[in-house]
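What follows is a single structure, written as structure tokens, with notes after it.
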Amino acid sequence: MVLDVGALLRGEKNRITFDYMLAPIPMDRVKFKDDAHVVGEITDNAGYMQLSARAYLLYEAECDRCLDHVDGEFTLDFERVVADEGTLTEEQIEENVDEYVIVSNGKLDIDEQLLAQLEMEFPIRFLCKEDCRGLCQRCGKNLNEGKCDCPEKEMDPRFAPLAKLLEQMKKEENNK
């Protein structure tokens, strides 16, 4: 969304609010239920302009441990200093890219930076619950639904020849 901040720059207003929907960047393994809901404001305190926004994004994914369905809401707080074009050098902007949004011809477009921040802070792992027990590595049963019938301890196959030798030695000793 492109915001007209001319009234702020001219000193006619000291606050502009906004509320809109923003289409998120598609991500692997995640389905977004709707566009991100973005609400916020730009305030002017004696020439110091501050942008504060919050984005809400509903999503669906699979649990990384048990593959169950996960519904979630991600919230992102986004704050930047608003600077008029020409008040900062390119070097200042590049060094502090996460601190500023730049007004160009009285207009401010925050979507690109907001989308980049959403993509960077969005979770990369999803759990159905904090104590998810996952799937059994042998049979694939969901361990949140109960224990499986697999043995709890399984011998390392590299020790099988030693176990066989030990078993033979025990048989020989029992035969004495």
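In the structure tokens, the first chain shown is A, the next is B, and so on; residue numbers restart at 1 for each chain, and ligands run from 1 in the order shown.
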Env of Ile42 (chain A): 12 Å cut, atoms = only C-alpha atoms, seq-sep filter 3 positions within chain, self excluded. Answer as a VMD selection string. chain A and resid 3 to 9 13 to 19 39 45 47 to 53 78 to 83 101 103 108 110
Dump of N, CA and C atoms for the selected residues, as an mmCIF file, in the first residue's frame:
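Now in part_1.cif:
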data_model
loop_
_atom_site.group_PDB
_atom_site.id
_atom_site.type_symbol
_atom_site.label_atom_id
_atom_site.label_comp_id
_atom_site.auth_asym_id
_atom_site.auth_seq_id
_atom_site.Cartn_x
_atom_site.Cartn_y
_atom_site.Cartn_z
ATOM 1 N N LEU A 3 1.164 5.001 1.016
ATOM 2 C CA LEU A 3 0.531 5.970 1.920
ATOM 3 C C LEU A 3 0.931 7.382 1.527
ATOM 4 N N ASP A 4 -0.038 8.276 1.516
ATOM 5 C CA ASP A 4 0.243 9.687 1.251
ATOM 6 C C ASP A 4 0.544 10.347 2.595
ATOM 7 N N VAL A 5 1.804 10.729 2.783
ATOM 8 C CA VAL A 5 2.224 11.348 4.049
ATOM 9 C C VAL A 5 2.484 12.841 3.884
ATOM 10 N N GLY A 6 1.980 13.400 2.794
ATOM 11 C CA GLY A 6 2.172 14.829 2.532
ATOM 12 C C GLY A 6 1.657 15.706 3.663
ATOM 13 N N ALA A 7 0.506 15.359 4.227
ATOM 14 C CA ALA A 7 -0.067 16.155 5.328
ATOM 15 C C ALA A 7 0.853 16.139 6.544
ATOM 16 N N LEU A 8 1.517 15.032 6.787
ATOM 17 C CA LEU A 8 2.479 14.955 7.894
ATOM 18 C C LEU A 8 3.698 15.832 7.605
ATOM 19 N N LEU A 9 4.198 15.750 6.373
ATOM 20 C CA LEU A 9 5.374 16.523 5.996
ATOM 21 C C LEU A 9 5.105 18.033 6.049
ATOM 22 N N LYS A 13 -0.979 17.433 9.908
ATOM 23 C CA LYS A 13 -1.395 16.339 10.795
ATOM 24 C C LYS A 13 -0.177 15.882 11.566
ATOM 25 N N ASN A 14 -0.424 15.256 12.707
ATOM 26 C CA ASN A 14 0.702 14.667 13.437
ATOM 27 C C ASN A 14 0.575 13.145 13.539
ATOM 28 N N ARG A 15 -0.476 12.607 12.863
ATOM 29 C CA ARG A 15 -0.681 11.161 12.906
ATOM 30 C C ARG A 15 -1.514 10.699 11.714
ATOM 31 N N ILE A 16 -1.070 9.595 11.115
ATOM 32 C CA ILE A 16 -1.832 8.949 10.039
ATOM 33 C C ILE A 16 -1.939 7.476 10.408
ATOM 34 N N THR A 17 -3.146 6.939 10.354
ATOM 35 C CA THR A 17 -3.345 5.514 10.648
ATOM 36 C C THR A 17 -3.634 4.771 9.345
ATOM 37 N N PHE A 18 -3.368 3.459 9.363
ATOM 38 C CA PHE A 18 -3.656 2.634 8.198
ATOM 39 C C PHE A 18 -4.073 1.248 8.642
ATOM 40 N N ASP A 19 -4.838 0.590 7.789
ATOM 41 C CA ASP A 19 -5.363 -0.746 8.045
ATOM 42 C C ASP A 19 -5.643 -1.355 6.677
ATOM 43 N N VAL A 39 -2.015 -3.336 10.413
ATOM 44 C CA VAL A 39 -2.567 -2.122 11.032
ATOM 45 C C VAL A 39 -1.402 -1.330 11.622
ATOM 46 N N ASN A 45 6.481 13.694 15.709
ATOM 47 C CA ASN A 45 6.755 14.401 16.959
ATOM 48 C C ASN A 45 7.841 15.438 16.691
ATOM 49 N N GLY A 47 8.927 16.802 13.937
ATOM 50 C CA GLY A 47 9.826 16.503 12.838
ATOM 51 C C GLY A 47 10.416 15.097 12.859
ATOM 52 N N TYR A 48 10.282 14.388 13.969
ATOM 53 C CA TYR A 48 10.747 13.006 14.062
ATOM 54 C C TYR A 48 9.552 12.107 13.768
ATOM 55 N N MET A 49 9.584 11.461 12.618
ATOM 56 C CA MET A 49 8.455 10.616 12.211
ATOM 57 C C MET A 49 8.771 9.148 12.461
ATOM 58 N N GLN A 50 7.813 8.464 13.040
ATOM 59 C CA GLN A 50 7.969 7.059 13.410
ATOM 60 C C GLN A 50 6.814 6.258 12.830
ATOM 61 N N LEU A 51 7.148 5.119 12.198
ATOM 62 C CA LEU A 51 6.140 4.205 11.681
ATOM 63 C C LEU A 51 6.077 3.008 12.627
ATOM 64 N N SER A 52 4.881 2.666 13.058
ATOM 65 C CA SER A 52 4.656 1.475 13.886
ATOM 66 C C SER A 52 3.542 0.675 13.227
ATOM 67 N N ALA A 53 3.805 -0.603 12.979
ATOM 68 C CA ALA A 53 2.803 -1.451 12.340
ATOM 69 C C ALA A 53 2.855 -2.839 12.960
ATOM 70 N N PHE A 78 6.471 -4.220 13.466
ATOM 71 C CA PHE A 78 7.345 -3.579 12.483
ATOM 72 C C PHE A 78 7.441 -2.092 12.818
ATOM 73 N N GLU A 79 8.649 -1.633 13.130
ATOM 74 C CA GLU A 79 8.859 -0.227 13.458
ATOM 75 C C GLU A 79 10.034 0.320 12.676
ATOM 76 N N ARG A 80 9.856 1.515 12.144
ATOM 77 C CA ARG A 80 10.909 2.178 11.381
ATOM 78 C C ARG A 80 10.816 3.694 11.598
ATOM 79 N N VAL A 81 11.948 4.360 11.412
ATOM 80 C CA VAL A 81 11.992 5.813 11.388
ATOM 81 C C VAL A 81 11.663 6.222 9.958
ATOM 82 N N VAL A 82 10.792 7.209 9.814
ATOM 83 C CA VAL A 82 10.400 7.694 8.495
ATOM 84 C C VAL A 82 11.288 8.890 8.152
ATOM 85 N N ALA A 83 11.951 8.806 7.005
ATOM 86 C CA ALA A 83 12.838 9.889 6.569
ATOM 87 C C ALA A 83 12.423 10.356 5.180
ATOM 88 N N VAL A 101 12.438 3.897 6.658
ATOM 89 C CA VAL A 101 11.625 3.822 5.451
ATOM 90 C C VAL A 101 11.695 5.221 4.849
ATOM 91 N N VAL A 103 10.415 8.304 2.385
ATOM 92 C CA VAL A 103 9.294 8.960 1.721
ATOM 93 C C VAL A 103 9.801 9.510 0.397
ATOM 94 N N LEU A 108 4.738 6.992 0.737
ATOM 95 C CA LEU A 108 5.512 5.999 1.467
ATOM 96 C C LEU A 108 4.965 4.612 1.148
ATOM 97 N N ILE A 110 5.594 0.793 2.211
ATOM 98 C CA ILE A 110 6.290 -0.064 3.183
ATOM 99 C C ILE A 110 6.179 -1.544 2.854
#
Please extract the residues of chain A with a backbone DSSP assignment of alpha helix (DSSP H) and present them as a ChimeraX atom specification. /A:6-9,90-95,111-121,160-175
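Listed by chain and then by rising number, the residues of region 12-44 of chain A that DSSP assigns to strand (DSSP E or B) from the backbone are Arg15, Ile16, Thr17, Phe18, Asp19, Tyr20, Met21, Leu22, Val30, Lys31, Phe32, Ala36, His37, Val38, Val39, Gly40, Glu41, Ile42, Thr43 and Asp44 of chain A.
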Next, dump the selected residues to file, keeping only C-alpha atoms, as a PDB file, in the first residue's frame.
ATOM      1  CA  ARG A  15      -0.681  11.161  12.906  1.00  0.00           C
ATOM      2  CA  ILE A  16      -1.832   8.949  10.039  1.00  0.00           C
ATOM      3  CA  THR A  17      -3.345   5.514  10.648  1.00  0.00           C
ATOM      4  CA  PHE A  18      -3.656   2.634   8.198  1.00  0.00           C
ATOM      5  CA  ASP A  19      -5.363  -0.746   8.045  1.00  0.00           C
ATOM      6  CA  TYR A  20      -5.072  -2.999   4.990  1.00  0.00           C
ATOM      7  CA  MET A  21      -4.500  -6.527   3.705  1.00  0.00           C
ATOM      8  CA  LEU A  22      -1.148  -7.574   2.202  1.00  0.00           C
ATOM      9  CA  VAL A  30       2.918 -23.475   4.517  1.00  0.00           C
ATOM     10  CA  LYS A  31      -0.542 -22.524   3.332  1.00  0.00           C
ATOM     11  CA  PHE A  32      -1.749 -19.050   4.214  1.00  0.00           C
ATOM     12  CA  ALA A  36      -1.724 -10.558   6.187  1.00  0.00           C
ATOM     13  CA  HIS A  37      -3.783  -7.998   8.094  1.00  0.00           C
ATOM     14  CA  VAL A  38      -1.611  -4.908   8.609  1.00  0.00           C
ATOM     15  CA  VAL A  39      -2.567  -2.122  11.032  1.00  0.00           C
ATOM     16  CA  GLY A  40      -0.470   0.776  12.162  1.00  0.00           C
ATOM     17  CA  GLU A  41       0.283   4.444  12.282  1.00  0.00           C
ATOM     18  CA  ILE A  42       2.829   7.063  11.377  1.00  0.00           C
ATOM     19  CA  THR A  43       3.375   9.747  13.984  1.00  0.00           C
ATOM     20  CA  ASP A  44       5.202  13.053  13.759  1.00  0.00           C
TER      21      ASP A  44
END
Atomic separation - CA of Glu154 (chain A) relative to CA of Arg125 (chain A), Å: 29.2 Å
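Take CA of Met27 (chain A) and CA of Arg54 (chain A): the distance between them is 20.1 Å.
In this structure, CA of Met155 (chain A) sits 24.8 Å away from CA of Cys66 (chain A).
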List the neighbours of Cys132 (chain A) out to 7 Å using only C-alpha atoms; skip same-chain residues closer than 4 positions along the sequence, and give me the result as a PyMOL selection string. chain A and resi 65+127-128+144
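Residues within 12 Å of Gly140 (chain A), counting only C-alpha atoms and excluding same-chain residues fewer than 5 positions away, are Arg65, Cys66, Leu67, Arg133, Gly134, Leu135, Glu145, Lys147, Cys148, Asp149 and Cys150 of chain A.
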Using only C-alpha atoms, which residues sit within 9 Å of Glu73 (chain A) once same-chain residues fewer than 5 positions away are excluded, as a PyMOL selection string? chain A and resi 56-60
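You can rank A:Leu76, A:Leu162, A:Ala46, A:Tyr100 by their closest distance to Leu115 (chain A) using only C-alpha atoms, and at the top of that list sits A:Leu76.
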